[in-house]
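So the structure is just underneath, and the comments pick up after that.
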Amino acid sequence: MVRALVPWRIRVNRILKATVFLFATLYFLVDAIFLTFAKSLANWIAAHWIFESFRAWIVSLPPYATLALFALPVAILEPVKPMAAYLVGTGHVGTGLTFLVAGEILKLMLVERLFCLCRDKLMTIPAFAWIYWKYSAAKDCITSMKAWQVVRRWSLVVQYVIRTRALKLKTAHSPRRVIFQSR
């Protein structure tokens, strides 16, 4: 009887691994897409002088206080995803997608900015350094796969098309200067 369960366990294990891989790939892909917007928005906000004192305060924090501050946006904004799924599931697709996009961009923007400011300090915490190493290894494993590279190429093509169309729309709607020539 024990031998009959072994093939079943192997099949379940393969299905589970494939499912986890699919979700991890989708998660990294969505984060990569949102991260392009979040980085540019974070850099734009950080360029304002009003945030300079806040940046100095963050840099002055000790490592574990920095870790708590680093975890705060994740703890607050991560529940936005299930909330958005609930809204989409109940028929409020626009509101759910707006919640998802806004929450994800805000979370990634804050986490990315905090990580850029405090990376060296956070790496002094052994558990954080170990988790970051594991995260980087998983990300490198997924991004080295052929399927990821194909999807990445497609996303770059889509980004190029969107940028060129936006530029055409911007130039088409901008006021034209009329140059008068004297005779």
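Every chain in the structure tokens takes a letter, A first, then B, and so on in the order presented; its residues are numbered from 1, and the ligands are numbered from 1 following the presented order.
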
Quick one: contact table of region 130-154 of chain A to region 108-126 of chain A, 12 Å max, nearest atom pair and distance in Å to one decimal per residue, counting only C-alpha atoms, chain and number order, as a tab-separated table?
```
residue	atom	partner	partner_atom	distance
A:Trp130	CA	A:Pro126	CA	6.1
A:Ile131	CA	A:Pro126	CA	8.6
A:Tyr132	CA	A:Met123	CA	8.4
A:Trp133	CA	A:Met123	CA	9.9
```

So that I have them on file, write out the residues from the current selection with C-alpha atoms, as a PDB file, in the first residue's frame.
```
ATOM      1  CA  TRP A 130      20.703  35.620   4.130  1.00  0.00           C
ATOM      2  CA  ILE A 131      17.142  36.323   2.921  1.00  0.00           C
ATOM      3  CA  TYR A 132      18.420  38.862   0.406  1.00  0.00           C
ATOM      4  CA  TRP A 133      20.971  36.329  -0.869  1.00  0.00           C
TER       5      TRP A 133
END
```

>> Can you tell me which residues surround Tyr86 (chain A) at a distance of at most 12 Å, considering only C-alpha atoms, apart from same-chain residues fewer than 4 positions away, and format the answer as a list of chain:residue names?
In response: A:Pro79, A:Val80, A:Lys81, A:Pro82, A:Thr90, A:Gly91, A:His92, A:Val93, A:Thr95, A:Gly96, A:Leu97, A:Phe99, A:Leu100

> What is the CA of Val20 (chain A)-CA of Val158 (chain A) distance in Å, reported with one decimal?
Replying inline: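 That distance, rounded to one decimal, is 26.7 Å.
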